[in-house]
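> Mind having a look at this structure? Questions to follow.
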Amino acid sequence: MKSLYSVAEIRSIEHALAATLPAGTLMRRAGEAATSAARDMLAGHKVLVLAGPGNNGSDALEVAANLAGPDTDAQADVTVLYFPGAAAPSVETAQALARARASKAHFAGTLPLGRDWSLIVDGLFGIGLERPLAGAMRALVDSINELGRPVLALDVPSGLDADTGAVIGPDGVAIRATRTITFIGDKPGLHTFEGRDYAGQVQLAPLGIDPGQRPPAGACLNEPALFSLHLAPRRQNSHKGSFGDVAVIGGAKGMAGAPLLAARGALFCGAGRVFVAAIDPLTAVDFAQPEIMMRDAQEFDSGDGTLVIGPGMGDSVIAMRVLFKALEGTAPLVIDADALNLIAASPDLQGRLAQRAAPAILTPHPLEAARLLGVTSSVVQGDRLAAARELASRLNAVVVLKGSGSVIANASGAVVINPTGNAGLATAGSGDVLAGICGSLLAQGWEAWEAALGAVWVHGAAADRLVAHGSGPIGLTAGELPLAARAVLNALAR
Ligand SMILES: NC(=O)C1=CN([C@@H]2O[C@H](COP(=O)(O)OP(=O)(O)OC[C@H]3O[C@@H](n4cnc5c(N)ncnc54)[C@H](O)[C@@H]3O)[C@@H](O)[C@H]2O)[C@@H](O)CC1
Ligand SMILES: [K+]
C-alpha cells in the first residue's frame with residue numbers, strides 16, 4: 001500500500017526513531033538521498049541551494065556540501081543562500097552548516113542575477129512551515145518560480161501545506177518544483193489540490209526505515225491493488241443479465257447530454273443494460289449510441305438496477321419527486337450534480353440518505369461538497385481530506401471529492417487520494433462520465449468502496465491515455481472518455 005502520512009504521523013515516527021538512532025542519522029541519510037536525486041537531475045554544473053532556518057535547511061546544506069565536494073570527483077559549482085533563524089541552530093544544523101562552509105560551496109547574501117542555474121535545490125521549509133512566506137523569502141520564491149529552471153524540493157515544496165496541498169496563504173506563494181524528494185513517508189499534500197502542480201514528480205526516500213517501523217497511515221494513494229479483487233476476466237458463459245442494469249436519471253430541458261454521457265460511461269465500462277430515464281423525455285433514441293434505452297423518469301421503474309441520479313437533472317418538482325423516490329427505494333445509488341444540490345438544500349433528504357441501508361456513492365465537486373457541508377468551497381479545498389471524511393460520515397456514503405487529486409472517503413474514516421488523471425478532465429461532462437462508470441461497476445457487483453476507487457482510477461487513467469495519444473489535455477472532450485476507459489479497464493482485467 002502506498003501510504004500517505006500526515007505531518008503529525010511523521011513527527012511521531014521521527015520521535016520514536018530518535019530514541020533508537022544516533023543523533024543526526026536521519027538528516028545525514030536525507031542529505032545523501034537528496035544528493036543522489038540532485039545528481040540524477042543535474043544536466044550542467046551550476047547549482048543554487050536554498051537553505052532555511054530549520055532542519056529542512058540542514059538537509060539542503062548537506063546536499064550543498066555533498067555536491068560541492070572537497071572530493072575531487074565532485075564537479076558542481078554550488079551557490080548557497082542560507083537564511084539563519086532568530087534562534088541558535090540545532091546541533092545537527094550547526095554540523096551541516098560547518099560541512100557546507102568547509103566545502104567548495106560559495107555562500108551568497110542575495111540571489112545572484114544572470115546565472116543560468118542547472119538545478120535549484122529548495123530547502124527553505126519542510127513540514128515545519130508555520131505561516132505564509134513573507135518579506136524577502138516571499139520575493140525569493142517568486143523570483144525562483146519566474147526563472148523556470150529545474151527545481152528539486154526537499155521533503156515538501158516550500159510554502160505548501162504537506163497535509164492539505166494548499167499553498168499557505170491567503171494569497172500565499174510556494175516553490176514550483178520539478179521533482180520533490182520526500183522523506184520517511186509520502187504525504188497527502190503532495191498529491192491533491194495544489195500539491196500536484198507544486199510538487200511535480202514525487203519520489204519517496206524512506207531513509208532506511210522499513211515499513212514495519214512505520215505505523216499504519218491515515219491515508220493512502222489509489223492503485224489497482226485496492227480494487228483488484230473485483231477485476232477478473234469474464235467467464236465465457238455469461239449474458240447481459242450477468243452484468244447488471246444501470247439507469248441514469250437526469251436530463252432536464254436543455255440538459256439531455258449529461259445523462260447520455262453518464263450512460264456511455266456505464267455502457268463502455270461493462271454494464272449489461274443501460275437506460276436513461278429523462279426528466280424531459282424528448283429523445284426517443286440516442287442515434288450515436290442506440291444501445292442506450294430511453295425512458296421517461298416519471299414512469300420509470302428501475303427494479304433492482306443501479307441508479308445514477310443527478311446529471312443534468314435540474315431542480316424542478318419532478319426532479320425532486322424522482323430523487324425522493326430513489327432515496328426511499330433500495331437500489332444502489334450514485335448521486336451526482338443536481339441531485340447533490342437538492343440534497344444539500346433539504347435536511348430531510350440528508351436524513352433519508354444517511355439512514356439508507358443500500359450502498360451509495362456521492363461524487364461532488366468542491367462547490368457541491370461545500371453546499372452539502374454548509375461551508376464555502378475554499379473551506380472544502382483548504383482541507384479536502386477532512387471535507388471528504390466528514391461528508392462520508394455525515395451521509396453514510398462513499399464520497400468522491402473531485403478535483404486535482406480526487407479524494408475518496410468512506411463512513412469508517414478510510415481516505416484515499418487518486419493519482420491518475422490530468423487537467424484535460426476539467427471539461428464539461430467529465431463528471432457525468434465518472435458517475436456513469438461508478439454506476440457501471442456497482443451494477444456489476446462491486447462493493448461501493450471498490451467501485452468508487454476503481455471508477456476514479458479508470459476515469460483518470462482514461463484521460464492520461466488520451467493525453468499520451470495526443471488527444472489533450474487541451475480540447476479533450478468528455479465524449480472521448482468512455483472508449484478510453486474501456487481500454488483501461490480491459491487492460492486491468494487482463
Ligand atoms: N526531524 C527529523 O528527524 C528529520 C527531519 N528532516 C527534515 O526536517 C524538516 C523539518 O524540520 P523542522 O521541524 O526544523 O522544520 P522546517 O525546516 O520546515 O522549518 C522550521 C523552521 O522554520 C521557521 N518557520 C516556519 N515557517 C516560517 C515562515 N513562514 N517564515 C519564516 N520562518 C518560518 C520555524 O520557526 C522553524 O525555525 C523536514 O521537512 C525534513 O526536511 C529530515 O532531515 C529527516 C529527518
Ligand atoms: K522544501
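Scheme for the C-alpha cells: letters A, B, ... for chains in order shown; per-chain residue numbers from 1; ligand numbers from 1 in order shown.
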For Val399 (chain A), list every protein, DNA or RNA residue within 6 Å, evaluated using only C-alpha atoms, and leave out those in the same chain fewer than 5 positions away; present the list as a VMD selection string.
chain A and resid 361 to 362 392 408 to 409
> Dump C-alpha atoms for the selected residues as an mmCIF file, in the first residue's frame?

```
data_model
loop_
_atom_site.group_PDB
_atom_site.id
_atom_site.type_symbol
_atom_site.label_atom_id
_atom_site.label_comp_id
_atom_site.auth_asym_id
_atom_site.auth_seq_id
_atom_site.Cartn_x
_atom_site.Cartn_y
_atom_site.Cartn_z
ATOM 1 C CA ILE A 361 -21.575 6.789 -3.843
ATOM 2 C CA LEU A 362 -21.609 10.603 -3.895
ATOM 3 C CA ALA A 392 -18.877 10.381 4.161
ATOM 4 C CA ILE A 408 -12.269 9.087 -1.888
ATOM 5 C CA ALA A 409 -13.555 8.588 1.676
#
```
> Let me have all residues with an atom within 6 Å of ligand 1, counting only C-alpha atoms and all ligand atoms, laid out as a PyMOL selection string.
chain A and resi 14+26-27+30+53-57+59+85+125-133+154-155+183
> Could you take the residues named above and write them with N, CA and C atoms, as a JSON list (two decimals), in the first residue's frame?

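For reference, part.json as written:
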```json
[["chain", "number", "residue", "atom", "x", "y", "z"],
["A", 14, "GLU", "N", 9.29, 10.08, 13.67],
["A", 14, "GLU", "CA", 10.61, 10.67, 13.95],
["A", 14, "GLU", "C", 10.94, 10.57, 15.43],
["A", 26, "LEU", "N", 19.21, 10.52, 10.60],
["A", 26, "LEU", "CA", 18.18, 10.71, 9.57],
["A", 26, "LEU", "C", 18.52, 11.88, 8.67],
["A", 27, "MET", "N", 19.06, 12.94, 9.27],
["A", 27, "MET", "CA", 19.40, 14.11, 8.46],
["A", 27, "MET", "C", 20.50, 13.75, 7.45],
["A", 30, "ALA", "N", 18.94, 11.75, 4.79],
["A", 30, "ALA", "CA", 18.12, 12.63, 3.92],
["A", 30, "ALA", "C", 19.05, 13.38, 2.96],
["A", 53, "PRO", "N", 15.93, 28.06, 7.92],
["A", 53, "PRO", "CA", 16.46, 28.06, 9.29],
["A", 53, "PRO", "C", 16.31, 26.72, 10.04],
["A", 54, "GLY", "N", 15.44, 25.83, 9.55],
["A", 54, "GLY", "CA", 15.18, 24.60, 10.31],
["A", 54, "GLY", "C", 15.92, 23.41, 9.74],
["A", 55, "ASN", "N", 15.41, 22.23, 10.04],
["A", 55, "ASN", "CA", 16.06, 21.00, 9.58],
["A", 55, "ASN", "C", 15.93, 20.79, 8.07],
["A", 56, "ASN", "N", 14.90, 21.39, 7.48],
["A", 56, "ASN", "CA", 14.82, 21.32, 6.01],
["A", 56, "ASN", "C", 16.04, 22.02, 5.42],
["A", 57, "GLY", "N", 16.41, 23.13, 6.03],
["A", 57, "GLY", "CA", 17.62, 23.84, 5.62],
["A", 57, "GLY", "C", 18.87, 22.99, 5.85],
["A", 59, "ASP", "N", 19.05, 19.76, 5.69],
["A", 59, "ASP", "CA", 19.10, 18.79, 4.58],
["A", 59, "ASP", "C", 19.74, 19.45, 3.36],
["A", 85, "GLY", "N", 17.78, 31.30, 11.31],
["A", 85, "GLY", "CA", 16.61, 31.76, 12.08],
["A", 85, "GLY", "C", 17.07, 32.68, 13.20],
["A", 125, "PHE", "N", 11.77, 25.44, 3.61],
["A", 125, "PHE", "CA", 10.92, 24.90, 4.67],
["A", 125, "PHE", "C", 10.36, 23.55, 4.26],
["A", 126, "GLY", "N", 10.17, 22.71, 5.25],
["A", 126, "GLY", "CA", 9.53, 21.41, 5.01],
["A", 126, "GLY", "C", 8.25, 21.32, 5.81],
["A", 127, "ILE", "N", 8.18, 20.29, 6.65],
["A", 127, "ILE", "CA", 6.93, 20.09, 7.41],
["A", 127, "ILE", "C", 6.84, 21.03, 8.61],
["A", 128, "GLY", "N", 7.84, 21.86, 8.82],
["A", 128, "GLY", "CA", 7.80, 22.79, 9.95],
["A", 128, "GLY", "C", 7.25, 24.16, 9.58],
["A", 129, "LEU", "N", 6.75, 24.31, 8.35],
["A", 129, "LEU", "CA", 6.21, 25.61, 7.92],
["A", 129, "LEU", "C", 5.03, 25.98, 8.82],
["A", 130, "GLU", "N", 5.08, 27.20, 9.38],
["A", 130, "GLU", "CA", 4.05, 27.58, 10.36],
["A", 130, "GLU", "C", 3.16, 28.71, 9.89],
["A", 131, "ARG", "N", 3.60, 29.46, 8.90],
["A", 131, "ARG", "CA", 2.84, 30.64, 8.47],
["A", 131, "ARG", "C", 3.21, 30.95, 7.02],
["A", 132, "PRO", "N", 2.45, 31.86, 6.38],
["A", 132, "PRO", "CA", 2.76, 32.16, 4.98],
["A", 132, "PRO", "C", 4.17, 32.74, 4.83],
["A", 133, "LEU", "N", 4.78, 32.49, 3.69],
["A", 133, "LEU", "CA", 6.10, 33.09, 3.40],
["A", 133, "LEU", "C", 5.91, 34.59, 3.22],
["A", 154, "LEU", "N", 13.05, 19.64, -1.34],
["A", 154, "LEU", "CA", 13.36, 18.67, -0.30],
["A", 154, "LEU", "C", 12.15, 18.52, 0.63],
["A", 155, "ASP", "N", 11.67, 17.33, 0.73],
["A", 155, "ASP", "CA", 10.54, 16.92, 1.57],
["A", 155, "ASP", "C", 9.20, 17.47, 1.09],
["A", 183, "PHE", "N", 10.72, 12.68, 2.54],
["A", 183, "PHE", "CA", 11.47, 11.81, 3.46],
["A", 183, "PHE", "C", 10.57, 11.02, 4.41]]
```
> Tell me, in Å to one decimal, how far CA of Ala487 (chain A) is from CA of Val416 (chain A).
23.6 Å
> How close does region 264-381 of chain A get to region 252-259 of chain A? List, as a Markdown table, each residue of region 264-381 of chain A within 6 Å, its nearest atom pair and the distance in Å to one decimal, counting only C-alpha atoms.

```
| residue | atom | partner | partner_atom | distance |
| --- | --- | --- | --- | --- |
| A:Ile279 | CA | A:Ala252 | CA | 5.0 |
| A:Asp280 | CA | A:Ala252 | CA | 5.0 |
| A:Pro311 | CA | A:Ala258 | CA | 5.2 |
| A:Gly312 | CA | A:Met255 | CA | 5.0 |
| A:Met313 | CA | A:Ala252 | CA | 5.0 |
| A:Gly314 | CA | A:Ala252 | CA | 5.7 |
```
> Please write the residues from the selection above to a file, keeping N, CA and C atoms, as a CSV table (one decimal), in the first residue's frame.

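What landed in out_34.csv:
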```csv
chain,number,residue,atom,x,y,z
A,279,ILE,N,-35.9,13.4,-17.2
A,279,ILE,CA,-36.9,14.3,-16.7
A,279,ILE,C,-37.7,15.0,-17.8
A,280,ASP,N,-37.0,15.3,-18.9
A,280,ASP,CA,-37.6,15.9,-20.1
A,280,ASP,C,-37.4,14.9,-21.2
A,311,PRO,N,-27.2,13.8,-13.2
A,311,PRO,CA,-26.7,14.5,-14.3
A,311,PRO,C,-27.7,15.3,-15.1
A,312,GLY,N,-27.5,16.6,-15.1
A,312,GLY,CA,-28.4,17.5,-15.9
A,312,GLY,C,-29.9,17.4,-15.4
A,313,MET,N,-30.1,17.1,-14.1
A,313,MET,CA,-31.4,16.8,-13.6
A,313,MET,C,-32.2,18.1,-13.3
A,314,GLY,N,-31.6,19.2,-13.0
A,314,GLY,CA,-32.3,20.4,-12.7
A,314,GLY,C,-32.9,20.3,-11.3
```
> Between A:Leu282, A:Leu124, A:Ala219, A:Ala166, which is the closest to ligand 2 once you count only C-alpha atoms and all ligand atoms?
A:Leu124
> Let me make sure I understand: among A:Ser143, A:Ser377, A:Ser90, A:Asn222, which one has the smallest atom-to-atom distance to Leu111 (chain A) if we use only C-alpha atoms?
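Ranking A:Ser143, A:Ser377, A:Ser90, A:Asn222 by distance to Leu111 (chain A), first place goes to A:Ser143.
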> Looking at only C-alpha atoms, which of A:Val173, A:Leu342, A:Leu231, A:Val156 is the one that sits closest to Gly135 (chain A)?
A:Val173
> Could you tell me how far CA of Thr164 (chain A) sits from CA of Gly212 (chain A), in Å to one decimal place?
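Atom-to-atom, CA of Gly212 (chain A) and CA of Thr164 (chain A) are spaced 25.5 Å apart.
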> Can you list, as a list of chain:residue names, every protein, DNA or RNA residue that comes within 10 Å of Asp383 (chain A) when you count only C-alpha atoms, leaving out same-chain residues fewer than 5 positions away?
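Near Asp383 (chain A), the qualifying residues are A:Asp161, A:Asp163, A:Thr164, A:Gly165, A:Ala166, A:Gly189, A:Thr192, A:Phe193, A:Ser378, A:Ala388.
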> List the neighbours of Ala37 (chain A) out to 9 Å using only C-alpha atoms; skip same-chain residues closer than 5 positions along the sequence, and give me the result as a short mmCIF file (atom, residue, chain, number, x, y, z; two decimals) with N, CA and C atoms, in the first residue's frame.

```cif
data_model
loop_
_atom_site.label_atom_id
_atom_site.label_comp_id
_atom_site.auth_asym_id
_atom_site.auth_seq_id
_atom_site.Cartn_x
_atom_site.Cartn_y
_atom_site.Cartn_z
N GLU A 32 21.99 12.45 1.89
CA GLU A 32 22.54 11.54 0.87
C GLU A 32 21.51 11.23 -0.21
N LEU A 42 20.75 16.66 -12.54
CA LEU A 42 21.71 17.69 -12.94
C LEU A 42 22.22 17.48 -14.37
N LEU A 152 14.53 20.92 -7.48
CA LEU A 152 14.33 19.75 -6.62
C LEU A 152 13.92 20.25 -5.25
N ARG A 179 10.62 18.23 -9.21
CA ARG A 179 10.59 16.95 -8.51
C ARG A 179 10.65 17.23 -7.01
N ILE A 181 11.63 15.25 -3.46
CA ILE A 181 12.06 14.03 -2.78
C ILE A 181 11.57 14.15 -1.35
N GLN A 203 9.14 11.61 -5.31
CA GLN A 203 9.99 10.45 -5.06
C GLN A 203 10.07 10.27 -3.55
#
```
> From a DSSP calculation on the backbone, collect every residue of region 111-252 of chain A in alpha helix (DSSP H) and output the set as a list in words.
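Here are the alpha helix (DSSP H) residues of region 111-252 of chain A: Gly135, Ala136, Met137, Arg138, Ala139, Leu140, Val141, Asp142, Ser143, Ile144, Asn145, Glu146, Leu147, Gly195, Arg196, Asp197, Tyr198 and Ala199 of chain A.
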> Could you go through region 2-196 of chain A and tell me which residues DSSP, when run on the backbone, assigns to strand (DSSP E or B), listing them as an NGL selection string?
:A and (3-4 or 46-51 or 77-82 or 106-108 or 119-123 or 151-154 or 160 or 167 or 179-183 or 186)
> Hey, can you spit out that residue selection with C-alpha atoms as a short mmCIF file (atom, residue, chain, number, x, y, z; two decimals), in the first residue's frame?

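Output contents, as saved in part_16.cif:
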```cif
data_model
loop_
_atom_site.label_atom_id
_atom_site.label_comp_id
_atom_site.auth_asym_id
_atom_site.auth_seq_id
_atom_site.Cartn_x
_atom_site.Cartn_y
_atom_site.Cartn_z
CA SER A 3 0.78 5.14 2.50
CA LEU A 4 0.37 8.89 2.95
CA LYS A 46 25.66 25.42 -11.67
CA VAL A 47 23.56 24.59 -8.60
CA LEU A 48 21.71 27.01 -6.36
CA VAL A 49 20.86 25.69 -2.90
CA LEU A 50 18.24 27.47 -0.78
CA ALA A 51 18.61 26.61 2.90
CA ASP A 77 29.61 24.76 -8.82
CA VAL A 78 27.36 25.34 -5.79
CA THR A 79 25.97 28.63 -4.51
CA VAL A 80 24.16 28.61 -1.15
CA LEU A 81 21.57 31.12 0.00
CA TYR A 82 21.25 30.45 3.72
CA HIS A 106 30.01 29.63 -2.22
CA PHE A 107 27.69 31.42 0.28
CA ALA A 108 25.83 34.40 -1.21
CA LEU A 119 19.39 22.99 -10.81
CA ILE A 120 17.84 24.76 -7.84
CA VAL A 121 17.52 22.83 -4.57
CA ASP A 122 14.68 24.04 -2.36
CA GLY A 123 15.41 23.52 1.32
CA VAL A 151 13.84 22.59 -9.07
CA LEU A 152 14.33 19.75 -6.62
CA ALA A 153 12.23 20.34 -3.49
CA LEU A 154 13.36 18.67 -0.30
CA LEU A 160 2.94 24.14 0.54
CA VAL A 167 -0.38 26.91 -0.54
CA ARG A 179 10.59 16.95 -8.51
CA THR A 180 10.06 16.53 -4.78
CA ILE A 181 12.06 14.03 -2.78
CA THR A 182 10.03 13.40 0.33
CA PHE A 183 11.47 11.81 3.46
CA ASP A 186 4.89 10.17 1.36
#
```
> Considering only C-alpha atoms and all ligand atoms, can you say which of A:Arg371, A:Lys240, A:His469, A:Arg176 comes closest to ligand 2?
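Looking at the shortest contact to ligand 2, the residue is A:Arg176.
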> If we count only C-alpha atoms, what is near region 93-97 of chain A at a cut-off of 6 Å, once residues fewer than 3 positions away on the same chain are taken out, given as a count of residues only?
6
> Hey, which of A:Asp315, A:Ala443, A:Asp171, A:Leu67 ends up closest to Ser242 (chain A)? Count only C-alpha atoms.
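Closest candidate: A:Ala443.
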